[in-house]
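A.B. asks: The file below is protein_15.tsv, TSV, C-alpha atoms:
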```
chain	number	residue	atom	x	y	z
G	11	MET	CA	16.94	-13.80	6.19
G	12	ASN	CA	19.22	-12.54	3.49
G	13	GLY	CA	19.50	-14.59	0.34
G	14	VAL	CA	16.03	-16.11	0.56
G	15	GLU	CA	15.02	-17.71	-2.73
G	16	ASP	CA	11.75	-16.13	-3.73
G	17	PRO	CA	10.37	-15.92	-7.27
G	18	ASP	CA	8.56	-12.76	-6.20
G	19	HIS	CA	11.90	-10.94	-6.06
G	20	ALA	CA	12.07	-11.06	-9.84
G	21	LEU	CA	8.53	-9.71	-10.00
G	22	MET	CA	9.48	-6.86	-7.70
G	23	GLN	CA	12.42	-5.99	-9.94
G	24	ARG	CA	10.12	-5.91	-12.95
G	25	ILE	CA	7.62	-3.80	-11.02
G	26	ALA	CA	10.43	-1.41	-10.11
G	27	SER	CA	11.02	-0.89	-13.81
G	28	GLY	CA	7.34	-0.13	-14.34
G	29	ASP	CA	6.11	-3.53	-15.55
G	30	ALA	CA	2.35	-3.49	-15.02
G	31	ARG	CA	2.00	-7.17	-15.90
G	32	ALA	CA	4.39	-8.14	-13.14
G	33	PHE	CA	2.42	-5.98	-10.74
G	34	ARG	CA	-0.78	-7.71	-11.73
G	35	GLN	CA	0.82	-11.11	-11.26
G	36	LEU	CA	1.99	-10.18	-7.78
G	37	SER	CA	-1.34	-8.71	-6.76
G	38	ASP	CA	-3.22	-11.73	-8.11
G	39	GLN	CA	-1.04	-13.98	-5.98
G	40	HIS	CA	-1.19	-12.08	-2.72
G	41	LEU	CA	-4.24	-9.81	-2.64
G	42	LYS	CA	-6.37	-12.43	-0.94
G	43	THR	CA	-3.90	-13.16	1.85
G	44	ILE	CA	-3.22	-9.48	2.46
G	45	VAL	CA	-6.86	-8.48	2.66
G	46	THR	CA	-7.48	-11.43	4.98
G	47	TYR	CA	-4.64	-10.40	7.25
G	48	ALA	CA	-5.87	-6.80	7.30
G	49	TYR	CA	-9.33	-8.08	8.17
G	50	ARG	CA	-7.99	-10.17	11.05
G	51	ILE	CA	-6.57	-6.96	12.52
G	52	THR	CA	-9.37	-4.51	11.81
G	53	HIS	CA	-12.45	-6.79	11.83
G	54	ASN	CA	-13.88	-4.50	9.22
G	55	ARG	CA	-14.19	-5.55	5.62
G	56	ALA	CA	-14.18	-2.06	4.10
G	57	GLU	CA	-11.13	-1.04	6.11
G	58	ALA	CA	-9.37	-4.28	5.27
G	59	GLU	CA	-9.93	-3.68	1.57
G	60	GLU	CA	-8.76	-0.10	1.87
G	61	ILE	CA	-5.59	-1.27	3.58
G	62	ALA	CA	-4.97	-3.97	0.98
G	63	GLN	CA	-5.36	-1.41	-1.80
G	64	GLU	CA	-2.90	0.90	-0.07
G	65	VAL	CA	-0.43	-1.96	0.36
G	66	PHE	CA	-0.42	-2.64	-3.37
G	67	LEU	CA	-0.36	1.04	-4.24
G	68	ARG	CA	2.79	1.39	-2.12
G	69	THR	CA	4.19	-1.72	-3.72
G	70	TRP	CA	3.75	-0.14	-7.12
G	71	ARG	CA	5.12	3.23	-6.13
G	72	GLU	CA	7.96	2.09	-3.89
G	73	ALA	CA	9.14	-1.10	-5.58
G	74	GLU	CA	12.43	0.57	-6.44
G	75	ARG	CA	13.19	0.98	-2.76
G	76	TYR	CA	12.37	-2.64	-1.93
G	77	ARG	CA	15.38	-4.62	-0.70
G	78	PRO	CA	15.08	-8.40	-0.93
G	79	GLU	CA	15.82	-9.28	2.68
G	80	GLY	CA	13.12	-11.93	2.96
G	81	ARG	CA	10.13	-13.16	1.07
G	82	VAL	CA	8.05	-10.48	-0.62
G	83	VAL	CA	4.88	-11.85	0.93
G	84	ALA	CA	6.33	-11.23	4.42
G	85	TRP	CA	7.14	-7.66	3.42
G	86	LEU	CA	3.57	-7.21	2.18
G	87	HIS	CA	2.26	-8.47	5.51
G	88	LYS	CA	4.53	-6.05	7.32
G	89	VAL	CA	3.22	-3.10	5.33
G	90	ALA	CA	-0.38	-4.25	5.83
G	91	GLN	CA	0.15	-4.65	9.55
G	92	ARG	CA	1.69	-1.21	9.88
G	93	LEU	CA	-1.21	0.39	8.03
G	94	ALA	CA	-3.78	-1.59	10.01
G	95	LEU	CA	-2.22	-0.73	13.36
G	96	ASP	CA	-2.03	2.93	12.34
G	97	LEU	CA	-5.70	2.74	11.57
G	98	LEU	CA	-6.41	1.10	14.94
G	99	ARG	CA	-4.38	3.80	16.65
G	100	ARG	CA	-6.44	6.49	14.99
G	101	ARG	CA	-9.61	4.64	15.80
G	102	ARG	CA	-8.71	4.09	19.43
G	103	GLY	CA	-7.42	7.58	19.99
G	104	THR	CA	-4.64	7.76	22.53
G	105	VAL	CA	-4.32	4.04	23.27
G	106	ALA	CA	-0.74	2.98	22.62
G	107	VAL	CA	-0.15	0.41	19.92
G	108	ASP	CA	1.51	-2.02	22.33
G	109	GLU	CA	-1.48	-1.66	24.59
G	110	ALA	CA	-3.77	-2.25	21.66
G	111	LEU	CA	-1.77	-5.30	20.69
G	112	GLU	CA	-2.37	-6.84	24.10
G	113	ALA	CA	-5.99	-5.81	24.45
G	114	PRO	CA	-8.83	-8.10	23.45
G	115	ALA	CA	-10.15	-6.87	20.14
G	116	SER	CA	-13.81	-7.45	20.83
G	117	ASP	CA	-15.87	-6.01	23.64
G	118	ASN	CA	-18.08	-8.96	24.41
G	119	PRO	CA	-17.25	-12.02	22.35
G	120	GLN	CA	-17.65	-14.47	25.25
G	121	GLN	CA	-21.38	-14.93	24.72
G	122	LEU	CA	-20.77	-15.38	21.00
G	123	LEU	CA	-18.18	-18.00	21.73
G	124	VAL	CA	-20.50	-20.02	23.94
G	125	ARG	CA	-23.23	-20.03	21.31
G	126	LYS	CA	-21.16	-20.90	18.31
G	127	GLN	CA	-19.32	-24.13	17.68
G	128	ASN	CA	-18.44	-23.71	14.06
G	129	VAL	CA	-16.57	-21.18	12.01
G	130	GLN	CA	-17.93	-18.32	14.00
G	131	GLY	CA	-16.70	-20.07	17.11
G	132	VAL	CA	-13.16	-20.08	15.81
G	133	GLN	CA	-13.46	-16.45	14.78
G	134	ALA	CA	-14.84	-15.50	18.17
G	135	ALA	CA	-12.07	-17.41	19.93
G	136	LEU	CA	-9.52	-15.53	17.87
G	137	GLN	CA	-11.11	-12.25	18.86
G	138	LEU	CA	-10.79	-13.18	22.50
G	139	LEU	CA	-7.06	-13.56	22.20
G	140	PRO	CA	-4.72	-10.63	22.80
G	141	GLU	CA	-3.98	-8.97	19.48
G	142	ARG	CA	-0.35	-10.04	19.32
G	143	GLN	CA	-1.21	-13.68	19.96
G	144	ARG	CA	-3.94	-13.53	17.35
G	145	LEU	CA	-1.64	-12.01	14.74
G	146	ALA	CA	1.03	-14.59	15.46
G	147	LEU	CA	-1.50	-17.39	14.97
G	148	VAL	CA	-2.91	-15.85	11.81
G	149	LEU	CA	0.53	-15.29	10.30
G	150	SER	CA	1.72	-18.77	11.17
G	151	HIS	CA	-1.36	-20.95	10.73
G	152	GLU	CA	-3.47	-19.07	8.22
G	153	GLN	CA	-0.98	-17.09	6.16
G	154	GLY	CA	1.65	-19.82	6.15
G	155	LEU	CA	4.60	-17.66	7.18
G	156	SER	CA	7.60	-19.29	8.82
G	157	ASN	CA	8.44	-18.53	12.43
G	158	SER	CA	11.25	-16.21	11.38
G	159	GLU	CA	8.97	-14.39	8.93
G	160	THR	CA	6.28	-14.11	11.60
G	161	ALA	CA	8.91	-12.74	13.96
G	162	ASP	CA	9.99	-10.22	11.35
G	163	VAL	CA	6.44	-9.02	10.71
G	164	LEU	CA	5.70	-8.72	14.42
G	165	GLY	CA	9.03	-7.07	15.14
G	166	LEU	CA	10.05	-9.77	17.63
G	167	GLY	CA	12.90	-12.20	17.97
G	168	VAL	CA	12.37	-15.75	16.75
G	169	ASP	CA	12.53	-17.22	20.26
G	170	ALA	CA	10.02	-14.71	21.56
G	171	THR	CA	7.75	-15.47	18.61
G	172	GLU	CA	7.90	-19.21	19.21
G	173	SER	CA	7.04	-18.64	22.83
G	174	LEU	CA	4.21	-16.31	21.83
G	175	LEU	CA	2.91	-18.89	19.36
G	176	ALA	CA	2.95	-21.63	22.00
G	177	ARG	CA	0.94	-19.44	24.39
G	178	ALA	CA	-1.43	-18.45	21.62
G	179	ARG	CA	-2.08	-22.05	20.56
G	180	ARG	CA	-2.74	-23.05	24.15
G	181	SER	CA	-5.12	-20.14	24.64
G	182	LEU	CA	-6.96	-20.87	21.43
G	183	ARG	CA	-7.38	-24.49	22.41
G	184	GLN	CA	-8.70	-23.57	25.83
G	185	LEU	CA	-11.18	-21.12	24.37
G	186	LEU	CA	-12.44	-23.56	21.78
G	187	THR	CA	-12.81	-26.43	24.23
G	188	GLN	CA	-14.70	-24.11	26.57
G	189	ALA	CA	-16.99	-23.24	23.71
G	190	ASN	CA	-17.44	-26.86	22.71
G	191	PRO	CA	-18.04	-29.06	25.76
G	192	GLU	CA	-18.27	-32.09	23.48
G	193	SER	CA	-14.72	-31.47	22.46
G	194	GLU	CA	-13.83	-30.89	26.09
G	195	GLY	CA	-15.37	-34.26	26.88
G	196	GLN	CA	-13.35	-35.89	24.16
G	197	ARG	CA	-10.26	-34.30	25.57
G	198	THR	CA	-10.84	-35.43	29.16
G	199	GLN	CA	-11.86	-38.97	28.30
A	24	MET	CA	-21.40	-21.06	6.58
A	25	SER	CA	-21.43	-24.51	8.10
A	26	ASP	CA	-23.23	-25.36	11.34
A	27	ARG	CA	-21.13	-28.37	12.12
A	28	PRO	CA	-19.09	-28.22	15.29
A	29	PRO	CA	-15.34	-28.21	14.94
A	30	SER	CA	-15.24	-31.98	15.30
A	31	SER	CA	-11.81	-31.95	13.69
A	32	LEU	CA	-10.51	-30.57	16.97
A	33	THR	CA	-9.80	-33.50	19.24
A	34	SER	CA	-7.89	-34.12	22.42
A	35	GLU	CA	-5.28	-36.28	20.76
A	36	MET	CA	-3.87	-33.42	18.79
A	37	SER	CA	-0.91	-31.33	19.70
A	38	ASP	CA	-1.58	-27.65	20.21
A	39	GLU	CA	-0.06	-26.96	16.81
A	40	GLU	CA	-2.30	-29.45	15.01
A	41	PHE	CA	-5.26	-28.13	16.94
A	42	ALA	CA	-4.51	-24.58	15.77
A	43	ASN	CA	-4.00	-25.77	12.20
A	44	ASN	CA	-7.38	-27.51	12.21
A	45	ALA	CA	-9.05	-24.54	13.87
A	46	PHE	CA	-7.82	-22.26	11.08
A	47	ALA	CA	-8.96	-24.81	8.52
A	48	GLU	CA	-12.47	-24.14	9.82
A	49	LEU	CA	-12.30	-20.52	8.73
A	50	GLU	CA	-13.77	-19.62	5.40
A	51	PRO	CA	-11.45	-17.98	2.91
A	52	PHE	CA	-11.81	-14.23	2.81
A	53	ALA	CA	-12.38	-13.31	-0.80
A	54	PRO	CA	-11.59	-9.75	-1.83
A	55	SER	CA	-14.48	-8.02	-3.55
A	56	VAL	CA	-14.52	-7.67	-7.32
A	57	ALA	CA	-14.37	-3.90	-6.87
A	58	LEU	CA	-11.17	-4.19	-4.86
A	59	GLN	CA	-9.62	-6.50	-7.44
A	60	ARG	CA	-10.47	-3.97	-10.14
A	61	ARG	CA	-9.06	-1.09	-8.15
A	62	VAL	CA	-5.84	-2.93	-7.44
A	63	THR	CA	-5.29	-4.17	-10.97
A	64	SER	CA	-5.85	-0.67	-12.34
A	65	ILE	CA	-3.21	0.87	-10.06
A	66	PRO	CA	-0.50	0.89	-12.78
A	67	HIS	CA	-2.94	2.63	-15.11
A	68	ASP	CA	-4.24	5.08	-12.50
A	69	PHE	CA	-0.83	5.87	-11.03
A	70	PRO	CA	1.69	5.75	-13.86
A	71	ARG	CA	5.18	5.50	-12.47
A	72	VAL	CA	8.24	7.25	-13.74
A	73	ASN	CA	11.36	5.35	-12.70
A	74	ALA	CA	14.85	6.77	-12.36
A	75	ALA	CA	15.66	6.35	-16.05
A	76	GLY	CA	12.35	7.91	-16.94
A	77	TRP	CA	13.04	10.86	-14.68
A	78	ALA	CA	16.47	11.35	-16.26
A	79	VAL	CA	14.98	11.38	-19.74
A	80	TRP	CA	12.17	13.65	-18.62
A	81	VAL	CA	14.50	16.14	-16.91
A	82	SER	CA	16.96	16.25	-19.80
A	83	GLY	CA	14.07	16.63	-22.21
A	84	TRP	CA	12.63	19.45	-20.17
A	85	ARG	CA	16.01	21.18	-19.98
A	86	ALA	CA	16.47	20.85	-23.73
A	87	LEU	CA	13.01	22.21	-24.30
A	88	MET	CA	13.58	25.12	-21.95
A	89	GLY	CA	16.99	25.80	-23.46
A	90	PHE	CA	15.52	25.78	-26.90
A	91	GLY	CA	12.56	27.79	-25.70
A	92	PHE	CA	14.55	30.61	-24.15
A	93	ALA	CA	17.05	30.66	-26.97
A	94	GLY	CA	14.21	30.55	-29.46
A	95	ILE	CA	12.26	33.33	-27.82
A	96	LEU	CA	15.39	35.47	-27.56
A	97	GLY	CA	16.29	34.72	-31.15
A	98	VAL	CA	12.85	35.57	-32.43
A	99	CYS	CA	12.80	38.83	-30.46
A	100	VAL	CA	16.25	39.87	-31.59
A	101	GLY	CA	15.65	38.87	-35.17
A	102	PHE	CA	12.26	40.49	-35.33
A	103	GLY	CA	13.57	43.64	-33.73
A	104	THR	CA	16.51	43.83	-36.12
A	105	VAL	CA	14.36	43.49	-39.21
A	106	GLU	CA	11.80	45.94	-37.96
A	107	GLN	CA	14.38	48.48	-36.82
A	108	ALA	CA	15.57	48.65	-40.42
A	109	ALA	CA	12.16	49.93	-41.45
A	110	ALA	CA	11.66	52.19	-38.43
A	111	PRO	CA	12.20	55.95	-38.42
A	112	ALA	CA	15.83	56.93	-38.22
A	113	ASN	CA	15.53	58.30	-34.70
A	114	PRO	CA	12.40	57.20	-32.92
A	115	VAL	CA	13.78	58.53	-29.66
A	116	ALA	CA	13.62	62.01	-31.04
A	117	VAL	CA	10.00	61.46	-31.94
A	118	ALA	CA	9.23	60.11	-28.50
A	119	THR	CA	11.05	62.88	-26.66
A	120	SER	CA	9.90	65.81	-28.83
A	121	GLY	CA	7.38	66.91	-26.23
A	122	ASP	CA	4.31	65.48	-27.92
A	123	VAL	CA	2.87	62.36	-26.57
A	124	ASP	CA	3.24	60.21	-29.60
A	125	LEU	CA	1.92	56.75	-29.00
A	126	ASP	CA	3.13	55.58	-32.38
A	127	GLY	CA	6.57	56.85	-31.52
A	128	MET	CA	6.43	55.16	-28.12
A	129	LEU	CA	5.41	51.94	-29.75
A	130	THR	CA	8.18	52.29	-32.21
A	131	LEU	CA	10.60	52.90	-29.38
A	132	ALA	CA	9.30	49.99	-27.39
A	133	TRP	CA	8.72	47.44	-30.08
A	134	GLY	CA	10.72	48.64	-33.00
A	135	TYR	CA	7.83	49.15	-35.37
A	136	ASP	CA	5.04	51.60	-36.01
A	137	ASP	CA	1.68	51.47	-37.62
A	138	GLU	CA	3.03	52.32	-41.03
A	139	ASP	CA	4.95	49.11	-41.01
A	140	TRP	CA	1.61	47.33	-40.88
A	141	GLY	CA	0.32	49.22	-43.88
A	142	GLU	CA	-1.85	51.67	-41.94
A	143	GLU	CA	-2.21	55.26	-43.02
```
Would you mind writing the file's structure down as C-alpha cells?
C.D. replies:
Amino acid sequence: MNGVEDPDHALMQRIASGDARAFRQLSDQHLKTIVTYAYRITHNRAEAEEIAQEVFLRTWREAERYRPEGRVVAWLHKVAQRLALDLLRRRRGTVAVDEALEAPASDNPQQLLVRKQNVQGVQAALQLLPERQRLALVLSHEQGLSNSETADVLGLGVDATESLLARARRSLRQLLTQANPESEGQRTQ
Amino acid sequence: MSDRPPSSLTSEMSDEEFANNAFAELEPFAPSVALQRRVTSIPHDFPRVNAAGWAVWVSGWRALMGFGFAGILGVCVGFGTVEQAAAPANPVAVATSGDVDLDGMLTLAWGYDDEDWGEE
C-alpha cells in the first residue's frame, strides 16, 4: 500500500512538527469514526471514548514516527483496534485475543434479536457475529475502508479478508432474516 | 430511534448490498462534547518538543550549565582573591595557634573575617 495518495499525510507531517491546527483538523475529521469503531469492539461508550482519546493522544505524541504506508485513517483504526483488544484482554482475563476475536461478544443477544426489527436488530445481529467477522463488516461497510485496508487493520491477507467478509455478510443476512420473518418471506417468495 | 423494520433489506439484494443497507440502519455514533474538548485540547495539555526543539533545548541547557559552572567558579575565585587581599597575612597561623578561633577558621575557609564586614 505504499504510495497511497492521502491528504492526511500532509496533516501528519504538520502534526509531527507540532502544528496544533493540523492536529485539530485531523481529529475533527476522524474522531467520530474512531470512537464508533472502538464502540463496536467494546460495546461500552465510556471505554470507546477513552480509547479514541488515547488514539489521538498517541497520534499527537508519535506523529514523527508515523510512516505513510497507507491511509492515515486506516492507521488510526489499527491503533484503536489494538487498544480496544488490549482492553478486552484485560477485561476477559486470560482469554486469548484470537479466542476473543472468534467468540460472540454478547452473552444472550438472541432474545434481543427476535424482539427487535430496527436499528437495535442490526446491532444485536452484529453482536451475534464472531468478533473478527463483525470487525471486518464494520471496517468495510460502516467505516468505508477498502478490502486491503481492512486486511491491514485486521492483520490478515487480502484474500483471507475477502473470504471473511463474504462469510460475515452471509451470517449477518441470515441473522437479520431470522429476526425479521417478513423479510424472510420476501426472500423466499 | 426508529421503530420501522429494516424494510430496505430485501431478498433481491446481494449479500454486499444487504450488508450496506443493514449498516445504513445504524445511527451515527456521535462523540460526546466532553470527548471533543479533551481531544482538541491535547496539543495544549501535552505540548510536544520535536527533534529540532530537543536540539535547541539541549544546547541551551548545556550553554546555561557551562555558563553556570564557569560563572560560579569565577565568582568564587574572584571573590576569594579580593577578600584574601584584605585578610590577615597568615590566617593559618591564627587557626593553628592552639586557640579555637572561629573567626580565624572562617577566614581560612572563606577568605574573610568579621572585620571585613565592619564588625568590631
A.B. asks: Expressed in Å to a single decimal, how great is the separation between atom CA of G:Ala90 and atom CA of G:Phe66?
C.D. replies: 9.3 Å
A.B. asks: For atom CA of G:Leu36 and atom CA of A:Gln59, quote the distance in Å rounded to one decimal.
C.D. replies: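 Atom CA of G:Leu36 sits 12.2 Å away from atom CA of A:Gln59.
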A.B. asks: Smallest atom-to-atom distance to chain A: which of G:Arg99, G:His87, G:His19, G:Arg71, using all atoms listed in the file?
C.D. replies: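 Nearest to chain A: G:Arg71.
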A.B. asks: Have a look at A:Met36, A:Ala57, A:Val62, A:Val79 and name the one nearest to chain G; count all atoms listed in the file.
C.D. replies: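 Among A:Met36, A:Ala57, A:Val62, A:Val79, it is A:Val62 that comes nearest to chain G.
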A.B. asks: Which residue, G:Leu93, G:Ala73, G:Leu174, G:Leu67, has the smallest gap to chain A when you use all atoms listed in the file?
C.D. replies: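 Closest candidate: G:Leu67.
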A.B. asks: Residues within 12 Å of G:Leu182, please, as an MDAnalysis selection string. Count all atoms listed in the file; anything in the same chain fewer than 6 positions from it doesn't count.
C.D. replies: (chainID G and resid 123 131:140 143:144 146:148 175:176 188:189) or (chainID A and resid 32 38:46)
A.B. asks: Of the candidates G:Thr187, G:Gln35, G:Ser27, G:Thr43, which shows the shortest atom-to-atom distance to G:Glu74, using all atoms listed in the file?
C.D. replies: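 Counting all atoms listed in the file, the residue closest to G:Glu74 is G:Ser27.
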A.B. asks: Ranking G:Val163, G:Val129, G:Val89, G:Ile61 by minimum distance to chain A and counting all atoms listed in the file, which one comes first?
C.D. replies: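 Answer, going by the shortest atom-to-atom distance: G:Val129.
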A.B. asks: Measuring atom to atom with all atoms listed in the file, identify which of G:Gly28, G:Pro17, G:Gly154, G:Gly165 is nearest to chain A.
C.D. replies: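 Closest candidate: G:Gly28.
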A.B. asks: Kindly provide, as AutoDock Vina command-line options, the centre and edge lengths (Å, one decimal) of an axis-aligned box around all atoms of stretch 146-152 of chain G given in the file, with 4 Å on each side.
C.D. replies:
```
--center_x -0.9 --center_y -17.8 --center_z 11.8 --size_x 13.2 --size_y 14.4 --size_z 15.2
```
A.B. asks: Which distance in Å separates atom CA of A:Pro66 and atom CA of G:Glu64, to one decimal?
C.D. replies: 12.9 Å
